[in-house]
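Note: the block below is final_5.txt and it holds compact mmCIF, N, CA and C atoms and all ligand atoms.
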# COMPACT_ATOMS: atom_id res chain seq x y z
N MET S 1 -1.00 -28.27 -50.88
CA MET S 1 -0.50 -28.54 -49.52
C MET S 1 -0.95 -27.41 -48.60
N ALA S 2 -1.70 -27.74 -47.54
CA ALA S 2 -2.19 -26.71 -46.62
C ALA S 2 -1.04 -26.19 -45.75
N ASP S 3 -1.19 -24.97 -45.31
CA ASP S 3 -0.18 -24.40 -44.43
C ASP S 3 -0.42 -24.91 -43.02
N VAL S 4 0.30 -25.96 -42.66
CA VAL S 4 0.03 -26.63 -41.38
C VAL S 4 0.85 -26.05 -40.23
N PHE S 5 1.74 -25.11 -40.54
CA PHE S 5 2.61 -24.58 -39.50
C PHE S 5 2.17 -23.19 -39.05
N SER S 6 2.32 -22.91 -37.77
CA SER S 6 2.15 -21.55 -37.28
C SER S 6 3.36 -20.75 -37.75
N THR S 7 3.29 -19.43 -37.65
CA THR S 7 4.39 -18.59 -38.13
C THR S 7 5.71 -18.94 -37.44
N ARG S 8 5.65 -19.11 -36.13
CA ARG S 8 6.87 -19.38 -35.37
C ARG S 8 7.44 -20.74 -35.75
N LYS S 9 6.55 -21.70 -35.78
CA LYS S 9 6.96 -23.06 -36.14
C LYS S 9 7.53 -23.05 -37.56
N ARG S 10 6.86 -22.31 -38.44
CA ARG S 10 7.33 -22.28 -39.82
C ARG S 10 8.75 -21.73 -39.91
N SER S 11 9.02 -20.65 -39.18
CA SER S 11 10.37 -20.11 -39.28
C SER S 11 11.39 -21.07 -38.69
N GLN S 12 10.97 -21.85 -37.71
CA GLN S 12 11.87 -22.90 -37.18
C GLN S 12 12.15 -23.94 -38.25
N VAL S 13 11.07 -24.37 -38.90
CA VAL S 13 11.20 -25.39 -39.93
C VAL S 13 12.06 -24.87 -41.06
N MET S 14 11.79 -23.63 -41.49
CA MET S 14 12.50 -23.05 -42.62
C MET S 14 13.99 -22.85 -42.32
N SER S 15 14.28 -22.50 -41.06
CA SER S 15 15.68 -22.26 -40.74
C SER S 15 16.48 -23.55 -40.82
N ARG S 16 15.78 -24.67 -40.67
CA ARG S 16 16.48 -25.95 -40.79
C ARG S 16 16.63 -26.40 -42.24
N ILE S 17 15.71 -25.93 -43.07
CA ILE S 17 15.80 -26.26 -44.49
C ILE S 17 16.51 -25.12 -45.19
N ARG S 18 17.80 -25.24 -45.36
CA ARG S 18 18.54 -24.15 -46.00
C ARG S 18 18.36 -24.19 -47.50
N SER S 19 18.53 -23.01 -48.09
CA SER S 19 18.31 -22.95 -49.54
C SER S 19 19.41 -23.66 -50.30
N ARG S 20 20.57 -23.68 -49.72
CA ARG S 20 21.72 -24.32 -50.39
C ARG S 20 22.48 -25.08 -49.33
N GLY S 21 23.06 -26.20 -49.69
CA GLY S 21 23.83 -26.94 -48.71
C GLY S 21 22.96 -27.70 -47.73
N ASN S 22 21.81 -28.18 -48.22
CA ASN S 22 20.96 -29.01 -47.38
C ASN S 22 21.55 -30.42 -47.34
N ARG S 23 21.97 -30.82 -46.15
CA ARG S 23 22.75 -32.04 -46.01
C ARG S 23 21.98 -33.30 -46.46
N ALA S 24 20.76 -33.41 -46.02
CA ALA S 24 19.97 -34.60 -46.36
C ALA S 24 19.81 -34.72 -47.87
N THR S 25 19.54 -33.59 -48.51
CA THR S 25 19.35 -33.59 -49.96
C THR S 25 20.65 -33.93 -50.67
N GLU S 26 21.75 -33.36 -50.19
CA GLU S 26 23.05 -33.65 -50.81
C GLU S 26 23.42 -35.12 -50.66
N LEU S 27 23.14 -35.67 -49.48
CA LEU S 27 23.45 -37.09 -49.27
C LEU S 27 22.62 -37.97 -50.18
N ARG S 28 21.38 -37.58 -50.38
CA ARG S 28 20.51 -38.33 -51.27
C ARG S 28 21.03 -38.25 -52.72
N MET S 29 21.51 -37.06 -53.08
CA MET S 29 22.07 -36.89 -54.43
C MET S 29 23.29 -37.79 -54.60
N ILE S 30 24.13 -37.87 -53.57
CA ILE S 30 25.31 -38.74 -53.63
C ILE S 30 24.89 -40.19 -53.86
N GLU S 31 23.84 -40.62 -53.14
CA GLU S 31 23.32 -41.98 -53.32
C GLU S 31 22.94 -42.23 -54.78
N VAL S 32 22.24 -41.24 -55.35
CA VAL S 32 21.78 -41.38 -56.74
C VAL S 32 22.98 -41.43 -57.68
N LEU S 33 23.96 -40.54 -57.46
CA LEU S 33 25.14 -40.51 -58.34
C LEU S 33 25.91 -41.82 -58.27
N LYS S 34 25.96 -42.40 -57.06
CA LYS S 34 26.66 -43.67 -56.89
C LYS S 34 25.88 -44.80 -57.54
N ALA S 35 24.58 -44.83 -57.31
CA ALA S 35 23.73 -45.88 -57.86
C ALA S 35 23.79 -45.89 -59.38
N TRP S 36 23.92 -44.70 -59.97
CA TRP S 36 23.94 -44.59 -61.42
C TRP S 36 25.36 -44.52 -61.98
N ARG S 37 26.31 -44.74 -61.12
CA ARG S 37 27.73 -44.75 -61.52
C ARG S 37 28.10 -43.52 -62.33
N LEU S 38 27.93 -42.39 -61.71
CA LEU S 38 28.30 -41.12 -62.33
C LEU S 38 29.43 -40.50 -61.50
N PRO S 39 30.67 -40.99 -61.68
CA PRO S 39 31.76 -40.53 -60.83
C PRO S 39 32.37 -39.21 -61.31
N GLY S 40 33.35 -38.75 -60.56
CA GLY S 40 34.13 -37.59 -60.99
C GLY S 40 33.70 -36.27 -60.39
N TRP S 41 32.66 -36.29 -59.56
CA TRP S 41 32.16 -35.04 -58.98
C TRP S 41 32.93 -34.65 -57.74
N ARG S 42 32.85 -33.38 -57.46
CA ARG S 42 33.43 -32.83 -56.24
C ARG S 42 32.37 -32.00 -55.54
N ARG S 43 32.45 -31.98 -54.24
CA ARG S 43 31.60 -31.06 -53.46
C ARG S 43 32.50 -29.94 -52.99
N HIS S 44 31.88 -28.81 -52.64
CA HIS S 44 32.60 -27.65 -52.10
C HIS S 44 33.66 -27.15 -53.06
N TYR S 45 33.44 -27.35 -54.33
CA TYR S 45 34.37 -26.84 -55.33
C TYR S 45 34.10 -25.35 -55.48
N ARG S 46 35.18 -24.57 -55.48
CA ARG S 46 34.99 -23.11 -55.53
C ARG S 46 34.59 -22.68 -56.93
N LEU S 47 33.33 -22.29 -57.02
CA LEU S 47 32.81 -21.84 -58.30
C LEU S 47 31.65 -20.87 -58.03
N PHE S 48 31.49 -19.93 -58.91
CA PHE S 48 30.43 -18.93 -58.73
C PHE S 48 29.07 -19.59 -58.50
N GLY S 49 28.36 -19.13 -57.50
CA GLY S 49 27.04 -19.67 -57.19
C GLY S 49 27.06 -20.90 -56.31
N SER S 50 28.27 -21.35 -55.93
CA SER S 50 28.44 -22.53 -55.07
C SER S 50 27.56 -23.72 -55.47
N PRO S 51 27.85 -24.30 -56.64
CA PRO S 51 27.08 -25.50 -57.03
C PRO S 51 27.24 -26.60 -55.98
N ASP S 52 26.23 -27.46 -55.84
CA ASP S 52 26.30 -28.53 -54.86
C ASP S 52 27.29 -29.61 -55.29
N PHE S 53 27.36 -29.84 -56.60
CA PHE S 53 28.30 -30.83 -57.15
C PHE S 53 28.92 -30.24 -58.41
N VAL S 54 30.22 -30.49 -58.56
CA VAL S 54 30.92 -29.98 -59.73
C VAL S 54 31.76 -31.11 -60.33
N TRP S 55 31.70 -31.25 -61.64
CA TRP S 55 32.60 -32.14 -62.38
C TRP S 55 33.61 -31.24 -63.05
N PRO S 56 34.77 -31.06 -62.42
CA PRO S 56 35.74 -30.09 -62.94
C PRO S 56 36.22 -30.44 -64.35
N ARG S 57 36.43 -31.71 -64.62
CA ARG S 57 36.96 -32.11 -65.92
C ARG S 57 35.94 -31.86 -67.03
N GLU S 58 34.70 -32.23 -66.79
CA GLU S 58 33.66 -32.07 -67.82
C GLU S 58 33.05 -30.67 -67.83
N HIS S 59 33.41 -29.87 -66.85
CA HIS S 59 32.82 -28.54 -66.72
C HIS S 59 31.30 -28.61 -66.58
N VAL S 60 30.87 -29.39 -65.59
CA VAL S 60 29.44 -29.51 -65.30
C VAL S 60 29.20 -29.09 -63.86
N ALA S 61 28.23 -28.20 -63.67
CA ALA S 61 27.83 -27.76 -62.33
C ALA S 61 26.42 -28.25 -62.07
N LEU S 62 26.25 -28.91 -60.94
CA LEU S 62 24.93 -29.47 -60.59
C LEU S 62 24.41 -28.79 -59.33
N PHE S 63 23.20 -28.31 -59.43
CA PHE S 63 22.53 -27.72 -58.28
C PHE S 63 21.34 -28.59 -57.92
N VAL S 64 21.20 -28.87 -56.63
CA VAL S 64 20.00 -29.54 -56.16
C VAL S 64 19.16 -28.47 -55.47
N ASP S 65 18.09 -28.09 -56.12
CA ASP S 65 17.29 -26.96 -55.63
C ASP S 65 16.14 -27.44 -54.75
N GLY S 66 16.08 -26.92 -53.55
CA GLY S 66 14.99 -27.23 -52.64
C GLY S 66 13.68 -26.71 -53.23
N CYS S 67 12.63 -27.54 -53.14
CA CYS S 67 11.34 -27.20 -53.76
C CYS S 67 10.77 -25.90 -53.20
N PHE S 68 10.89 -25.71 -51.92
CA PHE S 68 10.34 -24.49 -51.32
C PHE S 68 11.18 -23.27 -51.68
N TRP S 69 12.46 -23.32 -51.40
CA TRP S 69 13.31 -22.15 -51.54
C TRP S 69 13.50 -21.70 -52.98
N HIS S 70 13.43 -22.65 -53.89
CA HIS S 70 13.72 -22.29 -55.28
C HIS S 70 12.48 -22.33 -56.15
N GLY S 71 11.33 -22.55 -55.54
CA GLY S 71 10.05 -22.43 -56.25
C GLY S 71 9.80 -23.49 -57.30
N CYS S 72 9.87 -24.75 -56.89
CA CYS S 72 9.54 -25.85 -57.81
C CYS S 72 8.09 -25.70 -58.27
N PRO S 73 7.84 -25.95 -59.58
CA PRO S 73 6.48 -25.77 -60.09
C PRO S 73 5.45 -26.66 -59.39
N ALA S 74 5.87 -27.82 -58.92
CA ALA S 74 4.93 -28.73 -58.27
C ALA S 74 4.75 -28.42 -56.78
N HIS S 75 5.81 -28.00 -56.10
CA HIS S 75 5.73 -27.85 -54.64
C HIS S 75 6.05 -26.47 -54.11
N GLY S 76 6.52 -25.59 -54.96
CA GLY S 76 6.86 -24.25 -54.49
C GLY S 76 5.60 -23.46 -54.23
N ARG S 77 5.56 -22.77 -53.12
CA ARG S 77 4.40 -21.95 -52.82
C ARG S 77 4.80 -20.85 -51.86
N VAL S 78 4.09 -19.73 -51.93
CA VAL S 78 4.37 -18.64 -51.01
C VAL S 78 3.52 -18.86 -49.77
N PRO S 79 4.16 -18.95 -48.58
CA PRO S 79 3.38 -19.16 -47.35
C PRO S 79 2.33 -18.06 -47.17
N SER S 80 1.21 -18.42 -46.58
CA SER S 80 0.11 -17.45 -46.46
C SER S 80 0.37 -16.40 -45.38
N THR S 81 1.22 -16.71 -44.41
CA THR S 81 1.59 -15.70 -43.44
C THR S 81 2.86 -15.00 -43.90
N ASN S 82 2.98 -13.72 -43.60
CA ASN S 82 4.13 -12.91 -44.06
C ASN S 82 4.30 -12.99 -45.57
N ARG S 83 3.19 -12.95 -46.25
CA ARG S 83 3.17 -13.17 -47.69
C ARG S 83 4.14 -12.27 -48.46
N HIS S 84 4.14 -11.00 -48.08
CA HIS S 84 4.98 -10.04 -48.80
C HIS S 84 6.45 -10.40 -48.65
N TYR S 85 6.84 -10.67 -47.41
CA TYR S 85 8.23 -11.04 -47.13
C TYR S 85 8.64 -12.26 -47.95
N TRP S 86 7.82 -13.29 -47.90
CA TRP S 86 8.17 -14.54 -48.59
C TRP S 86 8.19 -14.36 -50.10
N HIS S 87 7.23 -13.59 -50.57
CA HIS S 87 7.18 -13.38 -52.02
C HIS S 87 8.49 -12.77 -52.51
N LYS S 88 8.92 -11.72 -51.79
CA LYS S 88 10.16 -11.03 -52.15
C LYS S 88 11.37 -11.96 -52.06
N LYS S 89 11.39 -12.68 -50.95
CA LYS S 89 12.50 -13.60 -50.68
C LYS S 89 12.61 -14.68 -51.77
N LEU S 90 11.47 -15.31 -52.06
CA LEU S 90 11.49 -16.43 -53.00
C LEU S 90 11.72 -15.95 -54.43
N ALA S 91 11.16 -14.78 -54.76
CA ALA S 91 11.40 -14.22 -56.09
C ALA S 91 12.88 -13.88 -56.25
N GLY S 92 13.49 -13.38 -55.17
CA GLY S 92 14.92 -13.07 -55.18
C GLY S 92 15.75 -14.31 -55.40
N ASN S 93 15.37 -15.41 -54.76
CA ASN S 93 16.09 -16.68 -54.95
C ASN S 93 16.01 -17.13 -56.41
N ALA S 94 14.82 -17.05 -56.97
CA ALA S 94 14.62 -17.50 -58.36
C ALA S 94 15.45 -16.65 -59.32
N ARG S 95 15.48 -15.36 -59.06
CA ARG S 95 16.25 -14.45 -59.91
C ARG S 95 17.74 -14.77 -59.82
N ARG S 96 18.19 -14.99 -58.60
CA ARG S 96 19.59 -15.33 -58.35
C ARG S 96 19.96 -16.64 -59.07
N ASP S 97 19.07 -17.63 -58.99
CA ASP S 97 19.34 -18.91 -59.66
C ASP S 97 19.55 -18.70 -61.15
N LYS S 98 18.70 -17.87 -61.75
CA LYS S 98 18.82 -17.60 -63.18
C LYS S 98 20.14 -16.91 -63.50
N GLU S 99 20.49 -15.95 -62.67
CA GLU S 99 21.75 -15.21 -62.88
C GLU S 99 22.95 -16.15 -62.79
N VAL S 100 22.92 -17.01 -61.78
CA VAL S 100 24.03 -17.95 -61.58
C VAL S 100 24.14 -18.88 -62.79
N THR S 101 23.00 -19.43 -63.23
CA THR S 101 23.00 -20.34 -64.37
C THR S 101 23.56 -19.65 -65.61
N SER S 102 23.09 -18.44 -65.92
CA SER S 102 23.55 -17.83 -67.16
C SER S 102 25.00 -17.40 -67.06
N SER S 103 25.42 -16.97 -65.89
CA SER S 103 26.81 -16.58 -65.74
C SER S 103 27.76 -17.78 -65.89
N LEU S 104 27.36 -18.92 -65.31
CA LEU S 104 28.20 -20.12 -65.45
C LEU S 104 28.24 -20.58 -66.91
N LYS S 105 27.10 -20.50 -67.58
CA LYS S 105 27.06 -20.91 -68.99
C LYS S 105 27.96 -20.02 -69.83
N ARG S 106 27.92 -18.74 -69.56
CA ARG S 106 28.80 -17.82 -70.30
C ARG S 106 30.27 -18.17 -70.09
N ALA S 107 30.56 -18.70 -68.90
CA ALA S 107 31.95 -19.07 -68.60
C ALA S 107 32.29 -20.47 -69.10
N GLY S 108 31.37 -21.09 -69.84
CA GLY S 108 31.67 -22.37 -70.47
C GLY S 108 31.27 -23.60 -69.68
N TRP S 109 30.48 -23.40 -68.64
CA TRP S 109 30.01 -24.53 -67.84
C TRP S 109 28.64 -24.98 -68.31
N ALA S 110 28.39 -26.30 -68.21
CA ALA S 110 27.04 -26.80 -68.41
C ALA S 110 26.40 -26.85 -67.02
N VAL S 111 25.17 -26.41 -66.93
CA VAL S 111 24.51 -26.33 -65.64
C VAL S 111 23.31 -27.27 -65.62
N VAL S 112 23.25 -28.10 -64.59
CA VAL S 112 22.08 -28.96 -64.40
C VAL S 112 21.45 -28.58 -63.08
N ARG S 113 20.15 -28.37 -63.10
CA ARG S 113 19.43 -28.09 -61.86
C ARG S 113 18.40 -29.19 -61.66
N VAL S 114 18.50 -29.83 -60.50
CA VAL S 114 17.57 -30.91 -60.17
C VAL S 114 16.75 -30.45 -58.98
N TRP S 115 15.45 -30.62 -59.06
CA TRP S 115 14.61 -30.30 -57.90
C TRP S 115 14.81 -31.37 -56.85
N GLN S 116 14.66 -30.95 -55.63
CA GLN S 116 14.72 -31.86 -54.49
C GLN S 116 13.76 -33.04 -54.71
N CYS S 117 12.57 -32.75 -55.24
CA CYS S 117 11.59 -33.82 -55.47
C CYS S 117 12.03 -34.75 -56.60
N GLY S 118 12.98 -34.29 -57.40
CA GLY S 118 13.52 -35.13 -58.46
C GLY S 118 14.44 -36.21 -57.93
N LEU S 119 14.66 -36.22 -56.62
CA LEU S 119 15.51 -37.24 -56.01
C LEU S 119 14.68 -38.32 -55.33
N ALA S 120 13.37 -38.16 -55.35
CA ALA S 120 12.49 -39.18 -54.77
C ALA S 120 12.66 -40.46 -55.57
N ASN S 121 12.43 -41.60 -54.92
CA ASN S 121 12.68 -42.89 -55.56
C ASN S 121 12.13 -43.02 -56.97
N ASN S 122 10.89 -42.57 -57.14
CA ASN S 122 10.27 -42.76 -58.46
C ASN S 122 10.69 -41.72 -59.50
N ASN S 123 11.46 -40.70 -59.09
CA ASN S 123 11.92 -39.67 -60.04
C ASN S 123 13.42 -39.72 -60.28
N ALA S 124 14.14 -40.38 -59.39
CA ALA S 124 15.60 -40.30 -59.39
C ALA S 124 16.20 -40.75 -60.72
N HIS S 125 15.59 -41.77 -61.35
CA HIS S 125 16.16 -42.27 -62.61
C HIS S 125 16.13 -41.19 -63.68
N ARG S 126 15.08 -40.37 -63.68
CA ARG S 126 14.98 -39.29 -64.67
C ARG S 126 16.06 -38.23 -64.43
N SER S 127 16.26 -37.88 -63.18
CA SER S 127 17.30 -36.89 -62.85
C SER S 127 18.68 -37.43 -63.20
N ALA S 128 18.92 -38.70 -62.87
CA ALA S 128 20.22 -39.31 -63.14
C ALA S 128 20.48 -39.34 -64.65
N LEU S 129 19.45 -39.63 -65.41
CA LEU S 129 19.58 -39.69 -66.87
C LEU S 129 19.94 -38.31 -67.43
N ARG S 130 19.29 -37.28 -66.91
CA ARG S 130 19.59 -35.91 -67.36
C ARG S 130 21.05 -35.58 -67.10
N ILE S 131 21.51 -35.91 -65.89
CA ILE S 131 22.90 -35.62 -65.51
C ILE S 131 23.85 -36.40 -66.42
N ALA S 132 23.53 -37.69 -66.62
CA ALA S 132 24.38 -38.56 -67.44
C ALA S 132 24.50 -38.01 -68.86
N LYS S 133 23.40 -37.53 -69.41
CA LYS S 133 23.42 -36.99 -70.78
C LYS S 133 24.31 -35.75 -70.87
N VAL S 134 24.17 -34.86 -69.91
CA VAL S 134 24.98 -33.64 -69.91
C VAL S 134 26.46 -33.98 -69.76
N LEU S 135 26.75 -34.93 -68.87
CA LEU S 135 28.16 -35.33 -68.68
C LEU S 135 28.73 -35.91 -69.97
N ALA S 136 27.96 -36.74 -70.64
CA ALA S 136 28.42 -37.37 -71.88
C ALA S 136 28.65 -36.30 -72.95
N ARG S 137 27.71 -35.37 -73.05
CA ARG S 137 27.82 -34.31 -74.05
C ARG S 137 29.06 -33.46 -73.80
N GLN S 138 29.27 -33.12 -72.54
CA GLN S 138 30.42 -32.29 -72.18
C GLN S 138 31.74 -33.02 -72.41
N ALA S 139 31.74 -34.31 -72.09
CA ALA S 139 32.96 -35.11 -72.28
C ALA S 139 33.33 -35.14 -73.76
N THR S 140 32.33 -35.30 -74.61
CA THR S 140 32.55 -35.32 -76.06
C THR S 140 33.08 -33.97 -76.54
N LYS S 141 32.46 -32.93 -76.04
CA LYS S 141 32.83 -31.57 -76.41
C LYS S 141 34.30 -31.29 -76.05
N ILE S 142 34.67 -31.69 -74.83
CA ILE S 142 36.03 -31.44 -74.36
C ILE S 142 37.03 -32.29 -75.15
N ALA S 143 36.66 -33.54 -75.42
CA ALA S 143 37.53 -34.43 -76.19
C ALA S 143 37.77 -33.85 -77.59
N SER S 144 36.72 -33.34 -78.22
CA SER S 144 36.89 -32.82 -79.57
C SER S 144 37.67 -31.50 -79.57
N SER S 145 37.50 -30.70 -78.55
CA SER S 145 38.27 -29.45 -78.52
C SER S 145 39.75 -29.72 -78.22
N ASN S 146 40.01 -30.80 -77.46
CA ASN S 146 41.41 -31.19 -77.23
C ASN S 146 42.05 -31.72 -78.51
N ALA S 147 41.24 -32.43 -79.30
CA ALA S 147 41.74 -33.02 -80.54
C ALA S 147 42.15 -31.93 -81.54
N LEU S 148 41.50 -30.77 -81.43
CA LEU S 148 41.79 -29.67 -82.36
C LEU S 148 43.06 -28.91 -82.00
N ARG S 149 43.52 -29.13 -80.78
CA ARG S 149 44.70 -28.37 -80.36
C ARG S 149 45.98 -28.86 -80.99
ZN ZN S 201 9.25 -30.21 -56.02

Could I get this structure in the form of structure tokens?
Ligand SMILES: [Zn+2]
Amino acid sequence: MADVFSTRKRSQVMSRIRSRGNRATELRMIEVLKAWRLPGWRRHYRLFGSPDFVWPREHVALFVDGCFWHGCPAHGRVPSTNRHYWHKKLAGNARRDKEVTSSLKRAGWAVVRVWQCGLANNNAHRSALRIAKVLARQATKIASSNALR
């Protein structure tokens, strides 16, 4: 993908695409969750790293990671202008994502990260399937740990 934006335009574009809490992406995720009948999620649930969606009962945290901000292997790229700044910024985001994931896992949460591009029509079924599998696994885990009590 060529860098089609000037520096000023790019910062305008980027300021509208937030790294977390991107409304359009979240709404698209909701559509997918509804289409695949994966209920039980909450938004704005207070949890470390502010996951976009949380299933409190199953202990599942779902992040929808923007391709640019979180460095998707297919679409993530460092802009050619202000290269140093962006490199640092994007590397920092990736590091933070890893820290958040491992910290949540240590606290007993299952973490699913879906790329923004994983919500496109032709990819959404794969993302939904991943989420469904994790939810099922967690539900089983919780049911069996309750049975032991
Ligand atoms: Zn992507």

Counting all atoms listed in the file, name the residues that have an atom within 8 Å of an atom of ligand ZN 201 (chain S); the answer should be given as a list in words.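 Within the 8 Å cut-off, the matching residues are Asp65, Gly66, Cys67, Phe68, Gly71, Cys72, Pro73, Ala74, His75, Gly76, Trp115, Gln116, Cys117 and Gly118 of chain S.
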
Can you pull out the residues contacting region 125-141 of chain S? Cut-off 7 Å, using only N, CA and C atoms, and skip same-chain residues under 2 positions away; I want them as a PDB file with N, CA and C atoms, in the frame of the given file.
ATOM      1  N   VAL S  32      22.240 -41.240 -55.350  1.00  0.00           N
ATOM      2  CA  VAL S  32      21.780 -41.380 -56.740  1.00  0.00           C
ATOM      3  C   VAL S  32      22.980 -41.430 -57.680  1.00  0.00           C
ATOM      4  N   LEU S  33      23.960 -40.540 -57.460  1.00  0.00           N
ATOM      5  CA  LEU S  33      25.140 -40.510 -58.340  1.00  0.00           C
ATOM      6  C   LEU S  33      25.910 -41.820 -58.270  1.00  0.00           C
ATOM      7  N   TRP S  36      23.920 -44.700 -59.970  1.00  0.00           N
ATOM      8  CA  TRP S  36      23.940 -44.590 -61.420  1.00  0.00           C
ATOM      9  C   TRP S  36      25.360 -44.520 -61.980  1.00  0.00           C
ATOM     10  N   LEU S  38      27.930 -42.390 -61.710  1.00  0.00           N
ATOM     11  CA  LEU S  38      28.300 -41.120 -62.330  1.00  0.00           C
ATOM     12  C   LEU S  38      29.430 -40.500 -61.500  1.00  0.00           C
ATOM     13  N   ARG S  57      36.430 -31.710 -64.620  1.00  0.00           N
ATOM     14  CA  ARG S  57      36.960 -32.110 -65.920  1.00  0.00           C
ATOM     15  C   ARG S  57      35.940 -31.860 -67.030  1.00  0.00           C
ATOM     16  N   GLU S  58      34.700 -32.230 -66.790  1.00  0.00           N
ATOM     17  CA  GLU S  58      33.660 -32.070 -67.820  1.00  0.00           C
ATOM     18  C   GLU S  58      33.050 -30.670 -67.830  1.00  0.00           C
ATOM     19  N   HIS S  59      33.410 -29.870 -66.850  1.00  0.00           N
ATOM     20  CA  HIS S  59      32.820 -28.540 -66.720  1.00  0.00           C
ATOM     21  C   HIS S  59      31.300 -28.610 -66.580  1.00  0.00           C
ATOM     22  N   VAL S  60      30.870 -29.390 -65.590  1.00  0.00           N
ATOM     23  CA  VAL S  60      29.440 -29.510 -65.300  1.00  0.00           C
ATOM     24  C   VAL S  60      29.200 -29.090 -63.860  1.00  0.00           C
ATOM     25  N   VAL S 112      23.250 -28.100 -64.590  1.00  0.00           N
ATOM     26  CA  VAL S 112      22.080 -28.960 -64.400  1.00  0.00           C
ATOM     27  C   VAL S 112      21.450 -28.580 -63.080  1.00  0.00           C
ATOM     28  N   VAL S 114      18.500 -29.830 -60.500  1.00  0.00           N
ATOM     29  CA  VAL S 114      17.570 -30.910 -60.170  1.00  0.00           C
ATOM     30  C   VAL S 114      16.750 -30.450 -58.980  1.00  0.00           C
ATOM     31  N   GLY S 118      12.980 -34.290 -57.400  1.00  0.00           N
ATOM     32  CA  GLY S 118      13.520 -35.130 -58.460  1.00  0.00           C
ATOM     33  C   GLY S 118      14.440 -36.210 -57.930  1.00  0.00           C
ATOM     34  N   LEU S 119      14.660 -36.220 -56.620  1.00  0.00           N
ATOM     35  CA  LEU S 119      15.510 -37.240 -56.010  1.00  0.00           C
ATOM     36  C   LEU S 119      14.680 -38.320 -55.330  1.00  0.00           C
ATOM     37  N   ALA S 120      13.370 -38.160 -55.350  1.00  0.00           N
ATOM     38  CA  ALA S 120      12.490 -39.180 -54.770  1.00  0.00           C
ATOM     39  C   ALA S 120      12.660 -40.460 -55.570  1.00  0.00           C
ATOM     40  N   ASN S 121      12.430 -41.600 -54.920  1.00  0.00           N
ATOM     41  CA  ASN S 121      12.680 -42.890 -55.560  1.00  0.00           C
ATOM     42  C   ASN S 121      12.130 -43.020 -56.970  1.00  0.00           C
ATOM     43  N   ASN S 122      10.890 -42.570 -57.140  1.00  0.00           N
ATOM     44  CA  ASN S 122      10.270 -42.760 -58.460  1.00  0.00           C
ATOM     45  C   ASN S 122      10.690 -41.720 -59.500  1.00  0.00           C
ATOM     46  N   ASN S 123      11.460 -40.700 -59.090  1.00  0.00           N
ATOM     47  CA  ASN S 123      11.920 -39.670 -60.040  1.00  0.00           C
ATOM     48  C   ASN S 123      13.420 -39.720 -60.280  1.00  0.00           C
ATOM     49  N   ALA S 143      36.660 -33.540 -75.420  1.00  0.00           N
ATOM     50  CA  ALA S 143      37.530 -34.430 -76.190  1.00  0.00           C
ATOM     51  C   ALA S 143      37.770 -33.850 -77.590  1.00  0.00           C
ATOM     52  N   SER S 144      36.720 -33.340 -78.220  1.00  0.00           N
ATOM     53  CA  SER S 144      36.890 -32.820 -79.570  1.00  0.00           C
ATOM     54  C   SER S 144      37.670 -31.500 -79.570  1.00  0.00           C
ATOM     55  N   SER S 145      37.500 -30.700 -78.550  1.00  0.00           N
ATOM     56  CA  SER S 145      38.270 -29.450 -78.520  1.00  0.00           C
ATOM     57  C   SER S 145      39.750 -29.720 -78.220  1.00  0.00           C
ATOM     58  N   ASN S 146      40.010 -30.800 -77.460  1.00  0.00           N
ATOM     59  CA  ASN S 146      41.410 -31.190 -77.230  1.00  0.00           C
ATOM     60  C   ASN S 146      42.050 -31.720 -78.510  1.00  0.00           C
TER      61      ASN S 146
END

Item to check | Atom pair CA of Val64 (chain S) / atom C of Ala110 (chain S): separation (Å) | outcome: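 Rounded to one decimal, the two atoms are 12.9 Å apart.
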
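Put simply, CA of Thr25 (chain S) is 17.3 Å away from CA of Tyr45 (chain S).
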
Show which residues sit within 12 Å of region 98-100 of chain S, as a ChimeraX atom specification. Count only C-alpha atoms, and ignore same-chain residues fewer than 6 positions away. /S:47-51,61-63,70,91-92,106-107,109-113

Extract the full set of strand (DSSP E or B) residues from region 83-113 of chain S according to DSSP on the backbone, and format it as a CSV table (one decimal) with N, CA and C atoms, keeping the file's coordinate frame.
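What landed in out_23.csv:
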chain,number,residue,atom,x,y,z
S,110,ALA,N,28.4,-26.3,-68.2
S,110,ALA,CA,27.0,-26.8,-68.4
S,110,ALA,C,26.4,-26.8,-67.0
S,111,VAL,N,25.2,-26.4,-66.9
S,111,VAL,CA,24.5,-26.3,-65.6
S,111,VAL,C,23.3,-27.3,-65.6
S,112,VAL,N,23.2,-28.1,-64.6
S,112,VAL,CA,22.1,-29.0,-64.4
S,112,VAL,C,21.4,-28.6,-63.1
S,113,ARG,N,20.2,-28.4,-63.1
S,113,ARG,CA,19.4,-28.1,-61.9
S,113,ARG,C,18.4,-29.2,-61.7

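Picture a line from CA of Arg95 (chain S) to CA of Arg77 (chain S); it runs 15.7 Å.
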